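Asks: Structure file run29.txt, compact mmCIF, C-alpha atoms, is pasted below:
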# COMPACT_ATOMS: atom_id res chain seq x y z
CA MET A 104 2.80 30.86 23.55
CA SER A 105 0.21 29.64 25.97
CA LEU A 106 0.66 28.52 29.54
CA LEU A 107 0.20 24.93 28.45
CA ASP A 108 2.99 25.25 25.90
CA TYR A 109 5.25 26.59 28.58
CA PHE A 110 4.86 23.44 30.63
CA ARG A 111 5.17 21.33 27.52
CA SER A 112 8.28 22.93 26.12
CA SER A 113 10.58 20.58 28.02
CA LYS A 114 9.26 17.75 25.88
CA SER A 115 11.28 17.44 22.69
CA LYS A 116 9.46 17.98 19.43
CA THR A 117 10.54 14.80 17.74
CA ALA A 118 8.19 15.00 14.76
CA SER A 119 10.49 17.47 13.02
CA ILE A 120 13.43 15.13 13.52
CA ALA A 121 11.37 12.31 12.04
CA LYS A 122 10.47 14.40 9.02
CA GLU A 123 14.04 15.46 8.37
CA ARG A 124 15.37 11.89 8.64
CA LEU A 125 12.65 10.65 6.31
CA GLN A 126 13.28 13.31 3.68
CA ILE A 127 16.96 12.41 3.46
CA LEU A 128 16.36 8.68 3.45
CA VAL A 129 13.53 8.70 0.94
CA ALA A 130 15.47 10.94 -1.47
CA HIS A 131 18.39 8.51 -1.29
CA GLU A 132 16.21 5.44 -1.82
CA ARG A 133 14.35 7.03 -4.71
CA TYR A 134 17.65 7.72 -6.43
CA TYR A 135 18.57 4.04 -6.45
CA ARG A 136 15.09 2.89 -7.39
CA ASN A 137 14.71 1.51 -10.92
CA LYS A 138 18.44 1.51 -11.43
CA PRO A 139 20.14 -1.72 -12.45
CA SER A 140 20.78 -3.83 -9.37
CA TYR A 141 24.33 -4.58 -10.50
CA LEU A 142 25.49 -0.99 -9.90
CA PRO A 143 26.92 -1.43 -6.38
CA GLN A 144 28.80 -4.58 -7.40
CA LEU A 145 30.08 -2.94 -10.56
CA GLN A 146 31.40 -0.09 -8.46
CA GLU A 147 33.04 -2.52 -6.04
CA GLU A 148 34.77 -4.51 -8.80
CA LEU A 149 35.93 -1.44 -10.69
CA LEU A 150 37.45 -0.15 -7.50
CA GLU A 151 39.31 -3.43 -7.05
CA VAL A 152 40.80 -3.27 -10.55
CA ILE A 153 41.87 0.34 -10.15
CA ARG A 154 43.46 -0.40 -6.82
CA LYS A 155 45.78 -2.90 -8.50
CA TYR A 156 47.49 0.08 -10.09
CA VAL A 157 46.67 3.16 -8.10
CA ASN A 158 45.86 3.52 -4.46
CA VAL A 159 42.49 5.28 -4.43
CA ASP A 160 39.95 5.84 -1.69
CA GLN A 161 36.63 4.08 -1.47
CA ASP A 162 34.80 7.27 -2.42
CA ALA A 163 37.16 8.21 -5.25
CA ILE A 164 34.94 6.44 -7.71
CA SER A 165 31.41 7.34 -8.62
CA VAL A 166 29.12 5.45 -10.91
CA LYS A 167 26.14 7.37 -12.19
CA PHE A 168 23.34 5.82 -14.12
CA GLU A 169 20.99 7.98 -16.07
CA GLN A 170 18.05 7.06 -18.16
CA ASP A 171 15.90 8.94 -20.60
CA GLU A 172 13.50 7.77 -23.25
CA ASN A 173 16.10 7.00 -25.86
CA GLN A 174 19.21 5.93 -24.02
CA GLU A 175 20.81 4.78 -20.83
CA THR A 176 24.08 6.36 -19.81
CA LEU A 177 26.62 4.98 -17.43
CA GLU A 178 28.95 7.67 -16.23
CA LEU A 179 32.12 6.64 -14.47
CA ASN A 180 34.21 9.13 -12.59
CA ILE A 181 37.51 8.25 -10.92
CA VAL A 182 39.51 10.78 -8.97
CA LEU A 183 43.18 9.78 -9.02
CA PRO A 184 45.35 10.93 -6.15
CA GLU A 185 48.15 13.35 -6.93
CA SER A 186 51.10 11.25 -7.94
CA GLN A 187 53.99 11.18 -5.47
CA ASN A 188 56.68 10.95 -8.20
CA ASN A 189 55.28 13.91 -9.90
CA LYS A 190 56.30 16.65 -7.53
CA SER A 191 54.95 20.06 -8.19
CA PRO A 192 57.45 22.54 -9.68
CA LEU A 193 57.72 24.51 -6.49
CA GLU A 194 59.12 21.60 -4.56
CA ILE A 195 61.88 20.62 -7.01
CA MET B 78 -16.15 -3.93 -15.85
CA ALA B 79 -14.96 -4.30 -12.29
CA ARG B 80 -12.54 -1.94 -10.64
CA ILE B 81 -9.74 -3.71 -8.76
CA ILE B 82 -8.51 -2.00 -5.59
CA VAL B 83 -5.42 -3.10 -3.69
CA VAL B 84 -5.07 -2.13 -0.05
CA THR B 85 -1.35 -2.10 0.58
CA SER B 86 1.36 -0.57 2.78
CA GLY B 87 4.58 -2.57 2.85
CA LYS B 88 4.68 -2.36 6.63
CA GLY B 89 2.60 -4.67 8.79
CA GLY B 90 0.14 -3.65 11.48
CA VAL B 91 -0.83 -0.30 9.98
CA GLY B 92 -4.47 -1.22 9.32
CA LYS B 93 -4.66 -2.91 5.90
CA THR B 94 -7.16 -5.57 6.87
CA THR B 95 -9.23 -3.14 8.96
CA THR B 96 -9.29 -0.83 5.92
CA SER B 97 -10.08 -3.62 3.42
CA ALA B 98 -13.02 -4.79 5.54
CA ALA B 99 -14.30 -1.26 6.07
CA ILE B 100 -14.12 -0.03 2.48
CA ALA B 101 -15.47 -3.29 1.02
CA MET B 102 -18.44 -3.02 3.37
CA GLY B 103 -18.80 0.68 2.59
CA LEU B 104 -18.88 0.08 -1.17
CA ALA B 105 -21.38 -2.76 -0.80
CA LYS B 106 -23.60 -0.73 1.55
CA ARG B 107 -23.77 1.94 -1.12
CA GLY B 108 -25.17 -0.56 -3.57
CA HIS B 109 -22.08 -1.83 -5.38
CA LYS B 110 -21.58 -5.57 -5.57
CA THR B 111 -18.17 -6.05 -3.98
CA ALA B 112 -15.79 -8.94 -3.34
CA VAL B 113 -12.94 -8.71 -0.87
CA ILE B 114 -10.03 -11.14 -1.20
CA ASP B 115 -7.48 -12.06 1.45
CA PHE B 116 -4.03 -12.46 -0.16
CA ASP B 117 -2.28 -13.31 3.11
CA VAL B 118 -1.86 -17.03 2.49
CA GLY B 119 -0.85 -18.86 5.66
CA LEU B 120 -1.81 -15.95 7.93
CA ARG B 121 -5.36 -15.19 6.96
CA ASN B 122 -7.22 -12.73 9.15
CA LEU B 123 -9.75 -10.99 6.97
CA ASP B 124 -12.30 -13.73 7.79
CA LEU B 125 -11.90 -12.90 11.48
CA ILE B 126 -12.24 -9.15 10.99
CA MET B 127 -15.33 -9.75 8.83
CA GLY B 128 -16.75 -12.20 11.37
CA CYS B 129 -17.11 -15.13 8.98
CA GLU B 130 -14.28 -17.35 10.23
CA ARG B 131 -16.60 -20.23 11.04
CA ARG B 132 -18.14 -20.24 7.59
CA VAL B 133 -14.91 -20.82 5.65
CA VAL B 134 -15.13 -24.06 3.68
CA TYR B 135 -13.08 -23.45 0.56
CA ASP B 136 -10.50 -20.75 -0.04
CA PHE B 137 -8.69 -18.73 -2.72
CA ILE B 138 -6.07 -21.45 -3.30
CA ASN B 139 -8.76 -24.12 -3.72
CA VAL B 140 -10.29 -21.98 -6.47
CA ILE B 141 -6.92 -21.37 -8.16
CA ASN B 142 -6.21 -25.11 -8.11
CA GLY B 143 -9.67 -25.99 -9.41
CA GLU B 144 -10.60 -27.89 -6.24
CA ALA B 145 -13.64 -25.68 -5.77
CA ASN B 146 -15.44 -23.16 -7.91
CA LEU B 147 -15.84 -19.50 -7.00
CA ASN B 148 -19.43 -19.84 -5.87
CA GLN B 149 -18.44 -22.53 -3.40
CA ALA B 150 -15.60 -20.47 -1.97
CA LEU B 151 -17.21 -17.01 -1.79
CA ILE B 152 -18.83 -16.27 1.56
CA ARG B 153 -21.79 -13.90 1.54
CA ASP B 154 -21.51 -11.32 4.30
CA LYS B 155 -24.11 -11.59 7.05
CA ASN B 156 -24.67 -7.81 7.22
CA CYS B 157 -24.82 -6.97 3.55
CA ASN B 158 -25.94 -9.23 0.73
CA LEU B 159 -23.90 -7.36 -1.90
CA LEU B 160 -20.62 -8.19 -0.14
CA TYR B 161 -18.68 -11.42 -0.59
CA ILE B 162 -15.46 -12.59 1.04
CA LEU B 163 -12.87 -14.85 -0.54
CA PRO B 164 -10.68 -16.12 2.29
CA ALA B 165 -7.01 -17.04 2.00
CA SER B 166 -5.78 -20.53 2.70
CA GLN B 167 -4.46 -21.03 6.20
CA THR B 168 -2.59 -24.26 5.49
CA ARG B 169 -0.76 -23.71 2.21
CA ASP B 170 2.26 -21.50 1.77
CA LYS B 171 2.37 -18.40 -0.37
CA ASP B 172 3.93 -20.21 -3.33
CA ALA B 173 0.50 -21.69 -3.98
CA LEU B 174 -0.43 -18.32 -5.50
CA SER B 175 0.50 -17.88 -9.13
CA ILE B 176 0.20 -14.91 -11.43
CA GLU B 177 -1.94 -16.86 -13.91
CA GLY B 178 -4.10 -18.36 -11.16
CA VAL B 179 -4.79 -15.00 -9.55
CA GLY B 180 -5.48 -13.46 -12.95
CA LYS B 181 -8.01 -16.15 -13.80
CA VAL B 182 -9.91 -15.74 -10.52
CA LEU B 183 -9.99 -11.93 -10.85
CA GLU B 184 -11.19 -12.19 -14.41
CA GLU B 185 -14.05 -14.43 -13.38
CA LEU B 186 -14.96 -12.17 -10.45
CA ALA B 187 -14.89 -9.12 -12.72
CA LYS B 188 -17.82 -10.51 -14.72
CA ASP B 189 -20.10 -10.37 -11.73
CA PHE B 190 -18.73 -7.72 -9.35
CA GLN B 191 -18.32 -3.96 -9.54
CA TYR B 192 -15.46 -3.70 -7.06
CA ILE B 193 -12.81 -6.22 -6.08
CA VAL B 194 -10.82 -5.31 -2.99
CA CYS B 195 -7.49 -7.09 -2.60
CA ASP B 196 -6.23 -7.16 0.99
CA SER B 197 -2.45 -7.33 0.65
CA PRO B 198 -0.18 -9.06 3.16
CA ALA B 199 2.67 -7.06 4.67
CA GLY B 200 6.08 -7.15 3.01
CA ILE B 201 7.01 -7.09 -0.65
CA GLU B 202 7.04 -10.81 -1.33
CA LYS B 203 4.84 -12.90 -3.57
CA GLY B 204 1.50 -12.36 -1.80
CA ALA B 205 1.95 -8.59 -1.73
CA TYR B 206 3.21 -8.58 -5.31
CA LEU B 207 0.23 -10.55 -6.63
CA ALA B 208 -2.25 -8.48 -4.59
CA MET B 209 -1.13 -5.32 -6.38
CA TYR B 210 -0.27 -6.78 -9.79
CA TYR B 211 -3.72 -6.54 -11.39
CA ALA B 212 -4.86 -3.42 -9.49
CA ASP B 213 -6.48 -0.35 -11.05
CA ASP B 214 -6.40 1.66 -7.83
CA ALA B 215 -4.15 1.43 -4.78
CA PHE B 216 -5.10 2.50 -1.27
CA VAL B 217 -1.79 3.08 0.45
CA VAL B 218 -2.35 2.72 4.19
CA THR B 219 0.20 4.71 6.17
CA ASN B 220 0.74 5.54 9.84
CA PRO B 221 2.30 8.90 10.75
CA GLU B 222 5.50 7.13 11.74
CA VAL B 223 8.92 6.89 10.08
CA SER B 224 9.05 3.21 9.18
CA SER B 225 5.53 3.20 7.78
CA VAL B 226 6.14 6.27 5.58
CA ARG B 227 9.38 4.79 4.29
CA ASP B 228 7.72 1.46 3.47
CA SER B 229 4.82 3.22 1.76
CA ASP B 230 7.27 5.09 -0.43
CA ARG B 231 8.94 1.80 -1.33
CA MET B 232 5.56 0.31 -2.16
CA LEU B 233 4.77 3.28 -4.43
CA GLY B 234 7.94 2.47 -6.36
CA ILE B 235 6.78 -1.11 -6.79
CA LEU B 236 3.27 -0.06 -7.89
CA ALA B 237 4.82 2.20 -10.51
CA SER B 238 7.21 -0.37 -11.94
CA LYS B 239 6.06 -3.94 -11.27
CA SER B 240 2.31 -3.89 -11.81
CA ARG B 241 0.52 -5.19 -14.88
CA ARG B 242 -0.37 -1.64 -15.85
CA ALA B 243 3.30 -0.66 -15.68
CA GLU B 244 4.43 -3.72 -17.62
CA LEU B 245 1.90 -3.17 -20.40
CA GLY B 246 2.56 0.57 -20.55
CA MET B 247 -1.04 1.33 -19.63
CA GLU B 248 -2.26 4.26 -17.59
CA PRO B 249 -0.61 3.83 -14.17
CA ILE B 250 -2.37 2.60 -11.03
CA LYS B 251 -4.19 5.45 -9.27
CA GLU B 252 -2.60 5.85 -5.86
CA PHE B 253 -4.52 7.14 -2.84
CA LEU B 254 -3.34 7.86 0.68
CA LEU B 255 -5.13 6.69 3.80
CA LEU B 256 -3.43 8.08 6.86
CA THR B 257 -4.44 5.83 9.75
CA ARG B 258 -4.00 5.86 13.52
CA TYR B 259 -3.72 9.65 13.39
CA ASP B 260 -3.67 11.42 16.73
CA PRO B 261 -4.22 15.20 16.28
CA ASN B 262 -3.30 15.89 19.90
CA ARG B 263 0.13 14.34 19.49
CA VAL B 264 0.56 16.09 16.14
CA GLU B 265 -0.22 19.43 17.74
CA SER B 266 2.28 18.88 20.49
CA GLY B 267 4.97 18.09 17.92
CA GLU B 268 5.46 14.43 18.75
CA MET B 269 3.78 12.90 15.69
CA LEU B 270 4.27 13.54 11.97
CA SER B 271 1.46 15.72 10.65
CA LEU B 272 -0.60 15.19 7.52
CA GLU B 273 1.47 17.93 5.82
CA ASP B 274 4.73 16.24 6.85
CA VAL B 275 3.64 12.93 5.37
CA GLN B 276 2.30 14.60 2.22
CA GLU B 277 5.54 16.50 1.72
CA ILE B 278 7.20 13.14 1.31
CA LEU B 279 4.56 10.98 -0.37
CA SER B 280 2.43 13.64 -2.14
CA LEU B 281 -0.55 11.40 -2.89
CA HIS B 282 -4.22 12.06 -3.39
CA LEU B 283 -5.61 11.97 0.17
CA LEU B 284 -8.69 9.79 0.56
CA GLY B 285 -8.98 10.28 4.28
CA ILE B 286 -7.53 10.40 7.75
CA ILE B 287 -8.57 7.67 10.12
CA PRO B 288 -8.09 8.81 13.69
CA GLU B 289 -6.62 6.54 16.32
CA SER B 290 -9.79 5.09 17.78
CA LYS B 291 -10.92 2.59 20.37
CA SER B 292 -13.73 1.56 18.07
CA VAL B 293 -11.29 -0.28 15.76
CA LEU B 294 -10.43 -2.83 18.46
CA THR B 295 -14.05 -3.07 19.58
CA ALA B 296 -15.09 -3.81 16.00
CA SER B 297 -12.41 -6.43 15.48
CA ASN B 298 -13.33 -8.08 18.80
CA ALA B 299 -16.85 -8.46 17.51
CA GLY B 300 -15.95 -9.36 13.91
CA VAL B 301 -17.86 -6.43 12.44
CA PRO B 302 -16.17 -3.98 10.04
CA VAL B 303 -15.69 -0.70 11.90
CA ILE B 304 -17.56 1.25 9.20
CA LEU B 305 -20.79 -0.29 10.55
CA ASP B 306 -20.15 1.47 13.86
CA GLU B 307 -21.63 4.61 12.35
CA LYS B 308 -21.33 6.71 15.46
CA SER B 309 -17.62 6.06 15.98
CA ASP B 310 -15.00 8.47 14.64
CA ALA B 311 -13.20 5.71 12.71
CA GLY B 312 -16.50 4.49 11.27
CA MET B 313 -17.38 7.98 10.05
CA ALA B 314 -13.89 8.49 8.69
CA TYR B 315 -14.15 5.29 6.62
CA ALA B 316 -17.61 6.29 5.38
CA ASP B 317 -16.04 9.56 4.16
CA VAL B 318 -13.25 7.62 2.45
CA VAL B 319 -15.74 5.49 0.51
CA ALA B 320 -17.79 8.56 -0.45
CA ARG B 321 -14.70 10.42 -1.68
CA TYR B 322 -13.52 7.40 -3.62
CA LEU B 323 -16.92 7.30 -5.34
CA GLY B 324 -16.47 10.94 -6.34
CA GLU B 325 -18.30 12.83 -3.60
CA LYS B 326 -16.67 15.95 -2.21
CA ARG B 327 -16.45 15.85 1.56
CA PRO B 328 -14.25 18.08 3.70
CA HIS B 329 -11.54 16.26 5.62
CA ARG B 330 -12.25 15.66 9.28
CA PHE B 331 -10.24 14.47 12.27
CA ILE B 332 -7.23 16.62 11.34
CA GLU B 333 -7.60 18.84 14.37
CA SER B 334 -7.96 17.81 17.96
CA LYS B 335 -11.17 18.28 19.85
CA LYS B 336 -10.27 20.95 22.29
CA GLY B 337 -11.13 20.05 25.84
CA PHE B 338 -12.11 22.56 28.45
CA LEU B 339 -8.62 22.74 29.93
CA ARG B 340 -6.92 23.06 26.56
CA LYS B 341 -9.23 25.94 25.68
CA LEU B 342 -8.55 27.57 29.01
CA PHE B 343 -4.81 27.35 28.56
CA GLY B 344 -4.99 28.20 24.89
CA GLY B 345 -3.55 24.97 23.51
CA LYS B 346 -2.96 25.44 19.80
Translate the structure described by the file into structure tokens.

Replies:
Amino acid sequence: MSLLDYFRSSKSKTASIAKERLQILVAHERYYRNKPSYLPQLQEELLEVIRKYVNVDQDAISVKFEQDENQETLELNIVLPESQNNKSPLEI
Amino acid sequence: MARIIVVTSGKGGVGKTTTSAAIAMGLAKRGHKTAVIDFDVGLRNLDLIMGCERRVVYDFINVINGEANLNQALIRDKNCNLLYILPASQTRDKDALSIEGVGKVLEELAKDFQYIVCDSPAGIEKGAYLAMYYADDAFVVTNPEVSSVRDSDRMLGILASKSRRAELGMEPIKEFLLLTRYDPNRVESGEMLSLEDVQEILSLHLLGIIPESKSVLTASNAGVPVILDEKSDAGMAYADVVARYLGEKRPHRFIESKKGFLRKLFGGK
């Protein structure tokens, strides 16, 4: 480390922060690129229907869209909360 | 057959028009008949950067609408007789551009020119879309700055999916990176994204680094493409870009700072 660096070290090195933020953001945006634009709305509406019957969290549902040369797959994953009527054996 | 180049970025103010003017002039100076088209309908500026603003009679939209023919609208550059400028309309709105209209004009230009440079407007709306639609090569102009890198990445997605080449399943548009307004001193002190940082995200074929330079403003003040300022760093950097695009191998310059006396003394990296 040179003398100049010593005087400079108080200055924050923001370029690395910029790079990290960009990597996360760009990865996220690339994931959604070229996916059908109806996906977020589909997720929203599915959540609404499920909530009529079961109280689930916003993030309890995931919609994954995958595409290869021959087919497009829509994978739907819903995590149901543990039912309150259905007590575990230990608690009976 | 002409090669169509789009100069694009998504973000505004990163140097698209400066780059379009410089590379069009560079290609023409090296003996290739070149046309440069302003796609920024309503906010034309290429004419000003090229210094031909007072010679605009007809524009791109007039040609599309059949109100003038190409020869009436093309302006021959005052510095190079192989370079022609097709200005955008300042009075119409961008809806005046149509995919068929643009295609027809490019097709006609392709008969007579070797390179057609399309200066894209900022954004991802119609003007930007049509500027890239027919392209063979894309020069993606990026600043070492978060919003510019993000927008460039977005634009790469559009080039790969919405262009004519993508729609027809042809070989994809060749994408090149031009990193502009680069300041090696600030990179070295950790306050600006480096070339490696940007490449880690975009990973494109690098055509050149254009250093932040006073000569760019001086050139635009005078209405002379900066590449004609052969002694300036930006001018030399653009000359390298053109040479590399034409297949010459030239080592990259302007990546490292010029070390001043004090920096050497104190051992600045």

Asks: So which residues touch Arg321 (chain B) within 7 Å, counting only C-alpha atoms, skipping near sequence neighbours fewer than 5 positions away, as a VMD selection string?

Replies: chain B and resid 284 326 to 327

Asks: Could you list the residues in chain B lying within 8 Å of chain A, using all atoms listed in the file, and format the result as an NGL selection string?

Replies: :B and (222-223 or 226-227 or 230 or 234 or 238 or 264 or 266-271 or 274-275 or 278 or 340 or 343-345)

Asks: Can you tell me, as a ChimeraX atom specification, what residues are no more than 10 Å from region 158-162 of chain B when counting all atoms listed in the file, ignoring any on the same chain fewer than 4 positions away?

Replies: /B:98,101-115,123-124,127,129,133,136-137,148,150-154,190,192-194

Asks: Could you tell me how far CA of Lys138 (chain A) lies from CA of Leu233 (chain B), in Å and to one decimal?

Replies: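 Computing the Euclidean distance for CA of Lys138 (chain A) and CA of Leu233 (chain B) yields 15.5 Å.
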
Asks: Grab the CA of Pro164 (chain B) to CA of Val179 (chain B) distance for me, in Å with one decimal place.

Replies: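 The value is 13.3 Å.
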
Asks: So which one's closest to Tyr141 (chain A), A:Val166, A:Val159, A:Glu175, A:Ile153? Using all atoms listed in the file, please.

Replies: A:Val166

Asks: Find the distance between CA of Asp228 (chain B) and CA of Ser86 (chain B) and write it in Å to one decimal.

Replies: 6.7 Å

Asks: Taking (-6.6, 11.0, 4.7) in the file's coordinates as the center, which residues reach within 7 Å of it, counting only C-alpha atoms, put as a list in words?

Replies: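 Taken together, the residues in range are Leu254, Leu255, Leu256, Leu283, Leu284, Gly285, Ile286 and Ile287 of chain B.
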
Asks: Would you mind exporting C-alpha atoms of the selected residues as an mmCIF file, in the frame of the given file?

Replies:
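Output file again-v6.cif follows:
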data_model
loop_
_atom_site.group_PDB
_atom_site.id
_atom_site.type_symbol
_atom_site.label_atom_id
_atom_site.label_comp_id
_atom_site.auth_asym_id
_atom_site.auth_seq_id
_atom_site.Cartn_x
_atom_site.Cartn_y
_atom_site.Cartn_z
ATOM 1 C CA LEU B 254 -3.340 7.860 0.680
ATOM 2 C CA LEU B 255 -5.130 6.690 3.800
ATOM 3 C CA LEU B 256 -3.430 8.080 6.860
ATOM 4 C CA LEU B 283 -5.610 11.970 0.170
ATOM 5 C CA LEU B 284 -8.690 9.790 0.560
ATOM 6 C CA GLY B 285 -8.980 10.280 4.280
ATOM 7 C CA ILE B 286 -7.530 10.400 7.750
ATOM 8 C CA ILE B 287 -8.570 7.670 10.120
#

Asks: Find the residues with any atom within 8 Å of (38.7, 3.3, -11.9); use only C-alpha atoms and the coordinates as given in the file, and write the answer as a ChimeraX atom specification.

Replies: /A:149-150,152-154,164,179-181

Asks: Find the axis-aligned box for region 177-186 of chain A, covering all its listed atoms and adding 6 Å on each side, and write its centre and edge lengths in Å to one decimal as lines of an AutoDock Vina configuration file.

Replies:
center_x = 38.9
center_y = 9.2
center_z = -11.8
size_x = 36.5
size_y = 20.4
size_z = 23.3

Asks: Taking 3 positions as the minimum chain separation for residues in the same chain, which residues sit within 7 Å of region 298-309 of chain B when counting all atoms listed in the file? Answer as a PyMOL selection string.

Replies: chain B and resi 98-99+103+125-128+292-295+312-313+315-316
